[in-house]
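For reference, protein.cif (mmCIF, C-alpha atoms and all ligand atoms):
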data_data
#
loop_
_atom_site.label_atom_id
_atom_site.label_comp_id
_atom_site.auth_asym_id
_atom_site.auth_seq_id
_atom_site.Cartn_x
_atom_site.Cartn_y
_atom_site.Cartn_z
CA MET B 1 9.49 9.77 9.42
CA PRO B 2 9.96 11.85 6.28
CA VAL B 3 10.13 15.61 6.61
CA LYS B 4 7.92 16.38 3.59
CA ASP B 5 4.55 14.68 3.34
CA ALA B 6 4.14 11.67 1.12
CA LYS B 7 2.06 13.51 -1.48
CA SER B 8 4.64 16.21 -2.18
CA ARG B 9 7.49 13.70 -2.17
CA ALA B 10 5.77 11.42 -4.68
CA PHE B 11 4.88 14.40 -6.87
CA ALA B 12 8.35 15.98 -6.78
CA ALA B 13 10.10 12.65 -7.46
CA TYR B 14 7.79 11.99 -10.42
CA VAL B 15 8.57 15.37 -11.98
CA GLU B 16 12.30 14.95 -11.42
CA GLU B 17 12.46 11.39 -12.75
CA TYR B 18 10.15 11.63 -15.74
CA GLY B 19 10.45 15.32 -16.66
CA GLU B 20 6.70 15.98 -16.63
CA LYS B 21 3.80 16.18 -14.20
CA PRO B 22 1.90 13.04 -13.22
CA GLU B 23 -1.63 12.60 -14.47
CA TYR B 24 -3.04 11.39 -11.15
CA LEU B 25 -2.13 11.22 -7.49
CA VAL B 26 -3.69 8.37 -5.57
CA ARG B 27 -3.56 7.63 -1.84
CA ALA B 28 -4.44 4.68 0.34
CA PRO B 29 -4.18 4.61 4.15
CA GLY B 30 -2.51 2.27 6.59
CA ARG B 31 -4.69 0.97 9.39
CA VAL B 32 -4.76 0.13 13.02
CA ASN B 33 -6.66 -2.88 14.19
CA ILE B 34 -8.52 -2.05 17.40
CA ILE B 35 -9.30 -5.71 18.05
CA GLY B 36 -9.66 -9.03 16.21
CA GLU B 37 -6.14 -10.36 15.63
CA HIS B 38 -5.45 -13.34 13.36
CA THR B 39 -9.21 -13.79 13.02
CA ASP B 40 -9.52 -12.59 9.41
CA TYR B 41 -8.07 -15.69 7.76
CA ASN B 42 -10.26 -17.79 10.04
CA ASP B 43 -13.33 -16.21 8.41
CA GLY B 44 -13.96 -14.30 11.63
CA PHE B 45 -14.46 -10.69 12.76
CA VAL B 46 -12.09 -7.73 12.90
CA LEU B 47 -12.50 -4.11 13.98
CA PRO B 48 -9.91 -1.86 12.31
CA CYS B 49 -9.93 1.81 11.32
CA ALA B 50 -7.80 3.54 8.72
CA ILE B 51 -5.18 5.98 10.05
CA ASP B 52 -4.17 9.38 8.73
CA ARG B 53 -0.98 7.97 7.19
CA ASP B 54 -0.85 6.99 3.55
CA THR B 55 1.06 5.59 0.68
CA VAL B 56 0.79 7.99 -2.25
CA VAL B 57 1.30 7.02 -5.88
CA ALA B 58 1.89 9.55 -8.66
CA ILE B 59 1.12 8.02 -12.03
CA GLY B 60 1.12 8.96 -15.70
CA PRO B 61 1.31 7.31 -19.12
CA SER B 62 4.51 5.55 -20.07
CA GLN B 63 6.65 6.54 -23.03
CA ASP B 64 7.17 2.87 -23.90
CA ASN B 65 5.45 -0.43 -23.18
CA ASN B 66 6.77 -0.99 -19.66
CA ILE B 67 5.62 -0.19 -16.15
CA LYS B 68 8.32 1.85 -14.45
CA SER B 69 8.32 2.72 -10.80
CA LEU B 70 10.41 4.75 -8.47
CA SER B 71 10.35 4.31 -4.69
CA CYS B 72 11.19 7.52 -2.82
CA ASP B 73 11.51 5.63 0.46
CA PHE B 74 13.97 3.04 -0.85
CA ASP B 75 15.59 5.38 -3.39
CA ALA B 76 15.29 2.60 -5.94
CA LYS B 77 13.73 1.88 -9.32
CA ASP B 78 11.96 -0.99 -11.00
CA GLU B 79 10.81 -1.70 -14.54
CA PHE B 80 8.88 -4.59 -16.08
CA ASN B 81 6.82 -5.58 -19.06
CA PRO B 82 3.13 -5.82 -18.02
CA ASN B 83 2.60 -8.72 -20.42
CA GLN B 84 5.27 -10.84 -18.79
CA ILE B 85 5.55 -10.21 -15.07
CA ASN B 86 8.31 -12.06 -13.24
CA PRO B 87 9.30 -11.72 -9.56
CA SER B 88 11.70 -8.93 -8.62
CA SER B 89 14.67 -9.23 -6.29
CA GLN B 90 13.58 -5.98 -4.57
CA GLU B 91 10.92 -6.59 -1.95
CA TRP B 92 9.08 -3.25 -2.40
CA ALA B 93 8.86 -3.82 -6.17
CA GLN B 94 7.23 -7.19 -5.60
CA TYR B 95 4.06 -5.43 -4.43
CA ILE B 96 3.85 -3.34 -7.63
CA ARG B 97 4.41 -6.35 -9.84
CA ALA B 98 1.97 -8.40 -7.76
CA MET B 99 -0.80 -5.84 -8.25
CA ALA B 100 -0.15 -5.48 -11.99
CA LYS B 101 -0.13 -9.23 -12.42
CA HIS B 102 -3.27 -9.94 -10.39
CA LEU B 103 -5.25 -7.06 -11.91
CA SER B 104 -4.47 -8.59 -15.31
CA LEU B 105 -5.31 -12.09 -14.13
CA GLU B 106 -8.74 -10.79 -13.09
CA GLY B 107 -9.23 -9.48 -16.62
CA HIS B 108 -8.47 -5.79 -16.05
CA GLN B 109 -6.49 -4.46 -19.00
CA ILE B 110 -4.02 -2.20 -17.26
CA LYS B 111 -1.71 0.03 -19.30
CA ALA B 112 1.99 0.72 -19.40
CA ALA B 113 2.63 3.53 -16.94
CA GLN B 114 5.21 5.35 -14.92
CA LEU B 115 4.84 5.65 -11.17
CA SER B 116 6.51 7.24 -8.22
CA LEU B 117 5.62 6.23 -4.68
CA ALA B 118 6.15 7.61 -1.21
CA GLY B 119 4.57 6.76 2.10
CA ASP B 120 4.44 7.75 5.73
CA VAL B 121 3.00 4.52 7.13
CA PRO B 122 5.83 3.00 9.21
CA LEU B 123 7.08 -0.13 7.44
CA GLY B 124 6.80 -3.52 9.11
CA SER B 125 5.20 -2.10 12.25
CA GLY B 126 1.79 -3.72 12.10
CA LEU B 127 0.08 -0.67 10.56
CA SER B 128 -0.15 -2.33 7.18
CA SER B 129 2.08 -0.29 4.94
CA SER B 130 1.94 -3.27 2.55
CA ALA B 131 -1.82 -3.08 2.03
CA SER B 132 -1.70 0.70 1.67
CA LEU B 133 0.95 0.19 -1.02
CA GLU B 134 -1.07 -2.49 -2.79
CA ILE B 135 -4.34 -0.55 -2.75
CA SER B 136 -2.77 2.75 -3.84
CA VAL B 137 -0.86 1.08 -6.67
CA GLY B 138 -3.91 -0.94 -7.72
CA LEU B 139 -6.18 2.09 -7.75
CA ALA B 140 -3.55 4.10 -9.65
CA LEU B 141 -3.08 1.44 -12.34
CA LEU B 142 -6.86 1.12 -12.73
CA LYS B 143 -7.40 4.90 -12.93
CA GLN B 144 -4.64 5.20 -15.54
CA ALA B 145 -6.48 2.56 -17.60
CA ASP B 146 -9.88 4.22 -17.05
CA ILE B 147 -11.26 1.24 -15.15
CA GLU B 148 -13.53 1.57 -12.12
CA ILE B 149 -14.03 -1.31 -9.72
CA ASP B 150 -15.73 -1.81 -6.41
CA PRO B 151 -13.41 -1.30 -3.36
CA THR B 152 -14.19 -4.78 -2.04
CA GLN B 153 -13.17 -6.30 -5.36
CA LEU B 154 -9.93 -4.28 -5.35
CA ALA B 155 -9.22 -5.51 -1.81
CA GLN B 156 -9.75 -9.11 -2.86
CA ILE B 157 -7.35 -8.73 -5.78
CA ALA B 158 -4.76 -7.13 -3.49
CA GLN B 159 -5.08 -9.94 -0.97
CA LYS B 160 -4.56 -12.53 -3.71
CA ALA B 161 -1.56 -10.55 -4.95
CA GLU B 162 0.02 -10.56 -1.48
CA ASN B 163 -0.84 -14.24 -0.90
CA GLN B 164 0.26 -15.61 -4.24
CA PHE B 165 2.92 -13.25 -5.59
CA VAL B 166 4.54 -11.79 -2.46
CA GLY B 167 4.11 -14.99 -0.46
CA CYS B 168 2.37 -13.78 2.70
CA SER B 169 -0.83 -15.65 3.60
CA CYS B 170 -2.51 -12.53 5.03
CA GLY B 171 -6.28 -12.32 5.39
CA ILE B 172 -8.55 -9.68 3.83
CA MET B 173 -8.65 -7.14 6.68
CA ASP B 174 -5.77 -4.86 5.71
CA GLN B 175 -6.72 -4.45 2.08
CA LEU B 176 -10.43 -4.06 2.80
CA ILE B 177 -10.05 -1.35 5.42
CA SER B 178 -7.52 0.53 3.28
CA ALA B 179 -9.92 0.45 0.33
CA LYS B 180 -13.20 1.02 2.19
CA ALA B 181 -12.60 2.94 5.41
CA GLN B 182 -14.80 5.85 6.48
CA LYS B 183 -13.55 8.92 8.30
CA ASP B 184 -14.27 8.92 12.07
CA HIS B 185 -15.44 5.30 11.96
CA ALA B 186 -14.04 1.87 12.66
CA LEU B 187 -15.26 -0.92 10.42
CA LEU B 188 -16.59 -4.16 11.84
CA ILE B 189 -15.78 -6.66 9.10
CA ASP B 190 -17.24 -10.12 8.74
CA CYS B 191 -14.31 -11.72 6.93
CA ARG B 192 -16.47 -14.50 5.52
CA SER B 193 -19.32 -12.54 3.94
CA LEU B 194 -17.20 -9.37 3.64
CA ASP B 195 -20.15 -7.47 5.05
CA THR B 196 -18.99 -4.33 6.82
CA SER B 197 -20.63 -2.18 9.39
CA ALA B 198 -19.24 1.28 10.16
CA ILE B 199 -19.04 2.02 13.88
CA SER B 200 -18.81 5.69 14.72
CA ILE B 201 -15.90 6.53 17.02
CA PRO B 202 -17.17 8.96 19.68
CA THR B 203 -15.57 12.41 19.37
CA ASP B 204 -14.06 12.25 22.87
CA VAL B 205 -12.21 8.97 22.13
CA ALA B 206 -8.52 9.12 21.19
CA ILE B 207 -6.48 6.45 19.43
CA VAL B 208 -2.83 6.47 20.47
CA ILE B 209 -0.37 4.25 18.62
CA VAL B 210 3.06 3.54 20.08
CA ASN B 211 5.64 1.97 17.79
CA SER B 212 7.71 -0.42 19.87
CA GLY B 213 10.60 -0.02 17.42
CA ILE B 214 10.74 -3.78 17.01
CA THR B 215 10.09 -4.62 13.34
CA HIS B 216 8.71 -7.86 12.04
CA SER B 217 8.47 -9.45 8.65
CA ASN B 218 5.08 -10.83 7.68
CA THR B 219 6.61 -12.89 4.94
CA GLY B 220 8.65 -14.57 7.70
CA GLY B 221 7.58 -17.98 8.83
CA GLU B 222 5.54 -17.36 11.99
CA TYR B 223 2.54 -15.75 10.35
CA ASN B 224 2.13 -18.50 7.80
CA GLU B 225 2.79 -21.10 10.50
CA ARG B 226 -0.03 -19.73 12.70
CA ARG B 227 -2.34 -19.82 9.72
CA ALA B 228 -1.49 -23.47 9.06
CA GLN B 229 -2.05 -24.33 12.74
CA CYS B 230 -5.51 -22.74 12.63
CA GLU B 231 -6.38 -24.74 9.52
CA GLN B 232 -5.32 -27.94 11.29
CA ALA B 233 -7.47 -27.08 14.30
CA ALA B 234 -10.46 -26.36 12.03
CA GLN B 235 -9.94 -29.77 10.46
CA HIS B 236 -10.00 -31.39 13.88
CA TYR B 237 -13.38 -29.82 14.59
CA GLY B 238 -14.60 -30.75 11.11
CA VAL B 239 -15.44 -27.16 10.12
CA ARG B 240 -14.46 -24.96 7.20
CA ALA B 241 -12.88 -22.37 9.50
CA LEU B 242 -12.56 -21.67 13.22
CA ARG B 243 -15.27 -19.06 12.73
CA ASP B 244 -17.70 -21.97 12.77
CA ILE B 245 -17.17 -23.05 16.39
CA ASN B 246 -17.84 -21.38 19.74
CA MET B 247 -16.17 -21.76 23.14
CA GLU B 248 -18.54 -24.53 24.14
CA ILE B 249 -17.73 -26.69 21.07
CA LEU B 250 -14.04 -25.84 21.46
CA ASP B 251 -14.01 -27.64 24.82
CA SER B 252 -16.68 -30.32 24.39
CA GLN B 253 -15.17 -31.63 21.13
CA ARG B 254 -11.54 -31.22 22.06
CA THR B 255 -10.96 -35.01 22.60
CA ASN B 256 -7.29 -35.62 21.78
CA LEU B 257 -6.46 -32.24 20.20
CA GLU B 258 -2.97 -31.47 21.46
CA ASP B 259 -2.30 -28.47 23.69
CA MET B 260 -0.73 -26.09 21.18
CA ALA B 261 -3.39 -26.52 18.49
CA TYR B 262 -6.06 -26.18 21.19
CA ARG B 263 -4.59 -22.92 22.45
CA ARG B 264 -4.26 -21.51 18.91
CA ALA B 265 -7.93 -22.31 18.34
CA ARG B 266 -8.94 -20.89 21.73
CA HIS B 267 -7.34 -17.57 20.81
CA VAL B 268 -9.28 -17.33 17.55
CA VAL B 269 -12.63 -18.44 18.95
CA SER B 270 -12.43 -16.15 22.00
CA GLU B 271 -11.08 -13.26 19.89
CA ASN B 272 -14.09 -13.44 17.58
CA GLU B 273 -16.38 -13.12 20.60
CA ARG B 274 -14.32 -10.24 21.99
CA THR B 275 -14.40 -8.41 18.67
CA LEU B 276 -18.18 -8.49 18.44
CA SER B 277 -18.46 -7.33 22.06
CA ALA B 278 -15.90 -4.59 21.42
CA ALA B 279 -17.86 -3.23 18.44
CA LYS B 280 -20.87 -2.93 20.72
CA ALA B 281 -18.82 -1.32 23.51
CA LEU B 282 -17.40 1.25 21.06
CA LYS B 283 -20.87 2.01 19.74
CA ASP B 284 -22.09 2.49 23.34
CA ASN B 285 -19.02 4.60 24.21
CA ASP B 286 -18.29 2.12 27.01
CA LEU B 287 -14.52 2.56 27.24
CA GLN B 288 -14.23 0.53 30.41
CA LYS B 289 -15.69 -2.52 28.67
CA LEU B 290 -13.70 -1.91 25.49
CA GLY B 291 -10.50 -1.61 27.53
CA ALA B 292 -11.13 -4.88 29.37
CA LEU B 293 -11.66 -6.64 26.04
CA MET B 294 -8.44 -5.18 24.65
CA ARG B 295 -6.47 -6.40 27.67
CA ALA B 296 -8.03 -9.87 27.34
CA SER B 297 -7.09 -9.86 23.65
CA HIS B 298 -3.48 -9.08 24.48
CA ALA B 299 -3.34 -11.82 27.12
CA SER B 300 -4.74 -14.29 24.60
CA MET B 301 -2.15 -13.29 21.99
CA ARG B 302 0.56 -13.69 24.63
CA ASN B 303 -0.54 -16.96 26.25
CA ASP B 304 -2.47 -18.85 23.59
CA PHE B 305 -1.38 -17.57 20.20
CA GLU B 306 2.19 -16.76 21.37
CA ILE B 307 2.78 -13.84 19.03
CA THR B 308 3.84 -11.15 21.50
CA LEU B 309 7.33 -10.48 22.85
CA PRO B 310 8.33 -9.57 26.44
CA ALA B 311 9.15 -6.00 25.40
CA ILE B 312 5.73 -5.65 23.76
CA ASP B 313 4.01 -7.10 26.83
CA SER B 314 5.66 -4.57 29.09
CA LEU B 315 4.86 -1.68 26.74
CA SER B 316 1.24 -2.78 26.68
CA ASP B 317 1.19 -3.12 30.51
CA MET B 318 2.73 0.33 30.85
CA MET B 319 0.01 1.84 28.68
CA ASN B 320 -2.76 -0.04 30.48
CA ASP B 321 -1.43 1.15 33.87
CA ILE B 322 -1.72 4.76 32.75
CA ILE B 323 -5.06 4.36 30.97
CA GLY B 324 -6.67 2.53 33.90
CA ASN B 325 -10.43 2.17 33.46
CA ASN B 326 -10.63 4.87 30.79
CA GLY B 327 -10.00 2.43 27.92
CA GLY B 328 -7.22 -0.06 27.24
CA ALA B 329 -4.20 -1.08 25.16
CA ARG B 330 -3.08 -4.13 23.21
CA MET B 331 -0.52 -5.14 20.63
CA THR B 332 -1.95 -4.62 17.16
CA GLY B 333 -0.96 -6.32 13.90
CA GLY B 334 0.49 -9.70 13.05
CA GLY B 335 2.77 -9.86 16.08
CA PHE B 336 6.44 -10.29 17.07
CA GLY B 337 6.90 -6.54 17.32
CA GLY B 338 5.19 -3.57 15.78
CA CYS B 339 2.79 -1.27 17.54
CA VAL B 340 0.63 -1.16 20.62
CA VAL B 341 -2.70 0.62 20.24
CA GLY B 342 -4.25 2.47 23.13
CA ILE B 343 -7.83 3.71 23.23
CA THR B 344 -8.66 6.33 25.80
CA THR B 345 -10.48 9.61 26.28
CA THR B 346 -9.10 12.64 24.44
CA ASN B 347 -8.37 14.41 27.73
CA LYS B 348 -6.18 11.50 28.92
CA ALA B 349 -4.29 11.03 25.64
CA ASP B 350 -1.59 13.67 26.15
CA ASN B 351 -0.82 12.35 29.62
CA LEU B 352 -0.47 8.85 28.15
CA ILE B 353 1.88 10.08 25.43
CA GLU B 354 3.97 12.04 27.95
CA HIS B 355 4.39 9.04 30.24
CA ILE B 356 5.25 6.56 27.49
CA THR B 357 7.74 9.00 25.96
CA ALA B 358 9.44 9.25 29.34
CA LYS B 359 9.31 5.55 30.24
CA TYR B 360 9.58 3.35 27.13
CA ARG B 361 12.80 2.87 25.16
CA THR B 362 13.08 1.05 21.82
CA PRO B 363 15.69 -1.70 21.32
CA LEU B 364 18.03 1.02 19.99
CA ASP B 365 17.49 2.99 23.23
CA LYS B 366 15.44 5.69 21.51
CA THR B 367 12.17 7.31 22.52
CA PRO B 368 9.37 5.59 20.61
CA ALA B 369 7.44 7.09 17.68
CA ILE B 370 3.98 7.82 19.05
CA PHE B 371 1.02 9.30 17.30
CA LYS B 372 -2.50 10.23 18.05
CA CYS B 373 -4.33 9.13 14.97
CA LYS B 374 -7.59 10.09 13.39
CA ALA B 375 -9.83 7.42 11.91
CA TRP B 376 -9.32 8.30 8.28
CA TYR B 377 -10.78 7.93 4.78
CA GLY B 378 -10.27 4.90 2.58
CA ALA B 379 -8.32 5.07 -0.69
CA ASN B 380 -9.11 7.76 -3.24
CA ILE B 381 -7.78 9.73 -6.17
CA ILE B 382 -6.47 13.01 -4.83
CA ASN B 383 -6.81 15.17 -7.94
P1 LIG B 401 3.40 -3.92 7.42
O1 LIG B 401 2.38 -4.17 6.37
O2 LIG B 401 2.97 -4.32 8.78
O3 LIG B 401 3.93 -2.52 7.40
P2 LIG B 401 4.87 -5.85 5.84
O4 LIG B 401 6.12 -6.61 6.11
O5 LIG B 401 3.63 -6.58 5.51
O6 LIG B 401 4.63 -4.88 7.08
O7 LIG B 401 5.12 -4.84 4.63
C1 LIG B 401 6.23 -3.95 4.63
C2 LIG B 401 6.85 -3.92 3.24
O8 LIG B 401 5.95 -3.28 2.30
C3 LIG B 401 8.10 -3.07 3.15
O9 LIG B 401 9.25 -3.79 3.57
C4 LIG B 401 8.16 -2.71 1.68
O10 LIG B 401 8.68 -3.77 0.90
C5 LIG B 401 6.69 -2.55 1.34
N1 LIG B 401 6.31 -1.12 1.45
C6 LIG B 401 5.41 -0.58 2.30
N2 LIG B 401 5.33 0.76 2.16
C7 LIG B 401 6.19 1.09 1.19
C8 LIG B 401 6.59 2.32 0.57
N3 LIG B 401 6.12 3.51 0.98
N4 LIG B 401 7.50 2.27 -0.43
C9 LIG B 401 8.01 1.09 -0.83
N5 LIG B 401 7.70 -0.09 -0.28
C10 LIG B 401 6.81 -0.11 0.72
MG MG B 402 1.61 -6.10 5.78
#

Have the structure of the file written as structure tokens, please.
Amino acid sequence: MPVKDAKSRAFAAYVEEYGEKPEYLVRAPGRVNIIGEHTDYNDGFVLPCAIDRDTVVAIGPSQDNNIKSLSCDFDAKDEFNPNQINPSSQEWAQYIRAMAKHLSLEGHQIKAAQLSLAGDVPLGSGLSSSASLEISVGLALLKQADIEIDPTQLAQIAQKAENQFVGCSCGIMDQLISAKAQKDHALLIDCRSLDTSAISIPTDVAIVIVNSGITHSNTGGEYNERRAQCEQAAQHYGVRALRDINMEILDSQRTNLEDMAYRRARHVVSENERTLSAAKALKDNDLQKLGALMRASHASMRNDFEITLPAIDSLSDMMNDIIGNNGGARMTGGGFGGCVVGITTTNKADNLIEHITAKYRTPLDKTPAIFKCKAWYGANIIN
């Protein structure tokens, strides 16, 4: 993790690169999904909260007609003409171009600008650095052009940008929570209607995130493959999305649906039910119930959706052993690595962190990055 915070790094790099101060600083958070994995693109339910880690964009007017950006974290630059946006060979720059392109496609007249970006959301770890980048860049480009839009609309544009320009078929969760989160609350999102309901996180509840040190790539095949498998299963049941069936229909109308497609569907259908129950358990401060649901979610991701890895399973088990009945732990994010989220009482959190620091080793034989996070604010303009 960077020594200086993202805001001062983005600001300092802007001044150094462009020889003047930026006009605006904009931030958007990463997120942790408490429960509801791979349900968003099935029109289902998710329960994420934003975390106190951001991508920060410093922005100001351009001296020419191009959009220039500078990535502090990759120590790299990018430049393009906003009227003719082609793909970049640099992955990070794809997200900037994607947002500029899709804001324009939606009719928002963004302006030439210069940007510098820095973040402290771990990349490729299931905490959605990509959505925090998209939302911060989108909000910055809009602010620079004096345009105000609704956070849900911004999230929808960012999702389209990631789907169509970057090439990852992600759902709406990451962008929506980054744009709309409320401090000290998780957000129960209905990914079909996009209705949200803020669930207060009790003050004695701690969220502990352990980075397994195993990185994934969402643009890699597995994520898109799971999405295609879910669409096939929905077709079998004759519904628009797996959101539209329950466990009873899943079994009674299975007929000749083959085992793998059935198990993929079972994960999604049962995960939707767990997510709704978990929102209620959180609201009721019933950590024992919430923990049981989180463990069942992990087992379903391992056995039915097959997106965990043995190292992630044992990290999750380790955390659950320590947490016991005072909450629970599960892998969070798209899968194949990334982070495990633990929910427990604040007075148990330090003990959990101590034990995991002592027991778990990353693939490079290092102690894992662990942080106690606060449920944080959605995107905003800092000054
Ligand atoms: P996740 O969203 O789980 O962190 P993704 O693979 O979806 O993982 O997105 C990670 C990618 O997003 C990075 O490889 C990089 O291209 C881009 N990205 C995220 N944060 C930043 C940042 N601070 N600066 C530049 N690029 C970033
Ligand atoms: Mg992502």

Counting all atoms listed in the file, give me one row per residue of range 14-109 of chain B with an atom at most 7 Å from an atom of range 257-272 of chain B, showing the shortest contact pair and its distance in Å to one decimal, sorted by chain then residue number, as CSV.
residue,atom,partner,partner_atom,distance
B:Gly36,CA,B:Glu271,CA,5.8
B:His38,CA,B:Val268,CA,6.9
B:Thr39,CA,B:Val268,CA,5.7
B:Gly44,CA,B:Asn272,CA,6.0
B:Phe45,CA,B:Asn272,CA,5.6

For this session: Write as a PyMOL selection string the residues around ligand MG 402 (chain B), taking 8 Å as the cut-off and counting all atoms listed in the file.
Result: chain B and resi 124+126-131+170+174+218

Exercise. Just how far from CA of Gly334 in chain B is CA of Glu222 in chain B, in Å to one decimal?
Worked result: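 Taking CA of Glu222 in chain B as the start and CA of Gly334 in chain B as the end point, the length is 9.2 Å.
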
For this session: Identify which of the residues B:Glu20, B:Asp286, B:Glu306, B:Glu248 lies closest to Asp204 in chain B, counting all atoms listed in the file when measuring atom-to-atom distances.
Result: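 Distance minimum relative to Asp204 in chain B lands on B:Asp286.
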
Problem set entry | Given 8 Å and all atoms listed in the file, residues near ligand LIG 401 (chain B) as a VMD selection string | chain B and resid 55 to 56 71 to 74 90 to 95 117 to 133 168 216 to 219 333 to 334 338

Exercise. Between CA of Pro368 in chain B and CA of Ile201 in chain B, what is the spacing in Å?
Worked result: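 Computing it gives 25.5 Å between the two atoms.
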
Problem set entry | Spatial sel., origin (-8.7, 5.2, 8.2), limit 10 Å, all atoms listed in the file, listed as JSON, numbers by chain | {"B": [28, 29, 30, 31, 32, 48, 49, 50, 51, 52, 53, 54, 177, 178, 179, 180, 181, 182, 183, 184, 185, 186, 187, 373, 374, 375, 376, 377, 378, 379]}

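For the pair CA of Ala233 in chain B and CA of Glu273 in chain B, the interatomic distance is 17.7 Å.
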
For this session: Identify, on the basis of only C-alpha atoms, every residue whose closest approach to range 357-362 of chain B does not exceed 12 Å; exclude the query and any residue fewer than 5 positions from it along the same chain; express the result as a list in words.
Result: Ile209, Val210, Asn211, Ser212, Gly213, Ile214, Thr215, Ala311, Ile312, Asp313, Ser314, Leu315, Ser316, Asp317, Met318, Met319, Ile322, Gly337, Gly338, Cys339, Val340, Asp350, Asn351, Leu352, Thr367, Pro368, Ala369, Ile370 and Phe371 of chain B

Problem set entry | Among listed residues B:Asn86, B:Ser104, B:Gln156, B:Ser116, nearest Ser8 in chain B (using all atoms listed in the file) |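 Answer, going by the shortest atom-to-atom distance: B:Ser116.
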
Exercise. In terms of the shortest atom-to-atom distance over only C-alpha atoms, which of B:Met331, B:Ala140, B:Leu25, B:Met173 is closest to Leu103 in chain B?
Worked result: B:Ala140

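Candidate residues B:Ile35, B:Leu176, B:Asn303, B:Ser277 were compared for distance to Gly342 in chain B, and the nearest is B:Ile35, using all atoms listed in the file.
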
Using the atoms already present, construct all heavy atoms for range 68-72 of chain B and hand them back as a CSV table (one decimal), in the frame of the given file.
chain,number,residue,atom,x,y,z
B,68,LYS,N,7.1,1.4,-15.2
B,68,LYS,CA,8.3,1.8,-14.4
B,68,LYS,C,7.9,2.4,-13.1
B,68,LYS,O,6.9,3.1,-13.0
B,68,LYS,CB,9.0,3.0,-15.2
B,68,LYS,CG,9.5,2.6,-16.6
B,68,LYS,CD,10.3,3.8,-17.1
B,68,LYS,CE,10.7,3.6,-18.6
B,68,LYS,NZ,9.6,3.7,-19.5
B,69,SER,N,8.6,2.1,-12.1
B,69,SER,CA,8.3,2.7,-10.8
B,69,SER,C,9.6,3.1,-10.1
B,69,SER,O,10.7,2.6,-10.3
B,69,SER,CB,7.4,1.9,-9.9
B,69,SER,OG,7.6,0.5,-10.1
B,70,LEU,N,9.3,4.1,-9.2
B,70,LEU,CA,10.4,4.8,-8.5
B,70,LEU,C,9.9,4.8,-7.0
B,70,LEU,O,8.9,5.3,-6.7
B,70,LEU,CB,10.6,6.2,-9.0
B,70,LEU,CG,11.4,7.1,-8.2
B,70,LEU,CD1,12.9,6.8,-8.3
B,70,LEU,CD2,11.2,8.5,-8.7
B,71,SER,N,10.7,4.2,-6.1
B,71,SER,CA,10.4,4.3,-4.7
B,71,SER,C,11.2,5.4,-4.0
B,71,SER,O,12.4,5.3,-3.9
B,71,SER,CB,10.6,3.0,-4.0
B,71,SER,OG,10.7,3.2,-2.6
B,72,CYS,N,10.5,6.4,-3.5
B,72,CYS,CA,11.2,7.5,-2.8
B,72,CYS,C,11.8,7.0,-1.5
B,72,CYS,O,12.9,7.4,-1.1
B,72,CYS,CB,10.2,8.6,-2.5
B,72,CYS,SG,9.5,9.4,-3.9
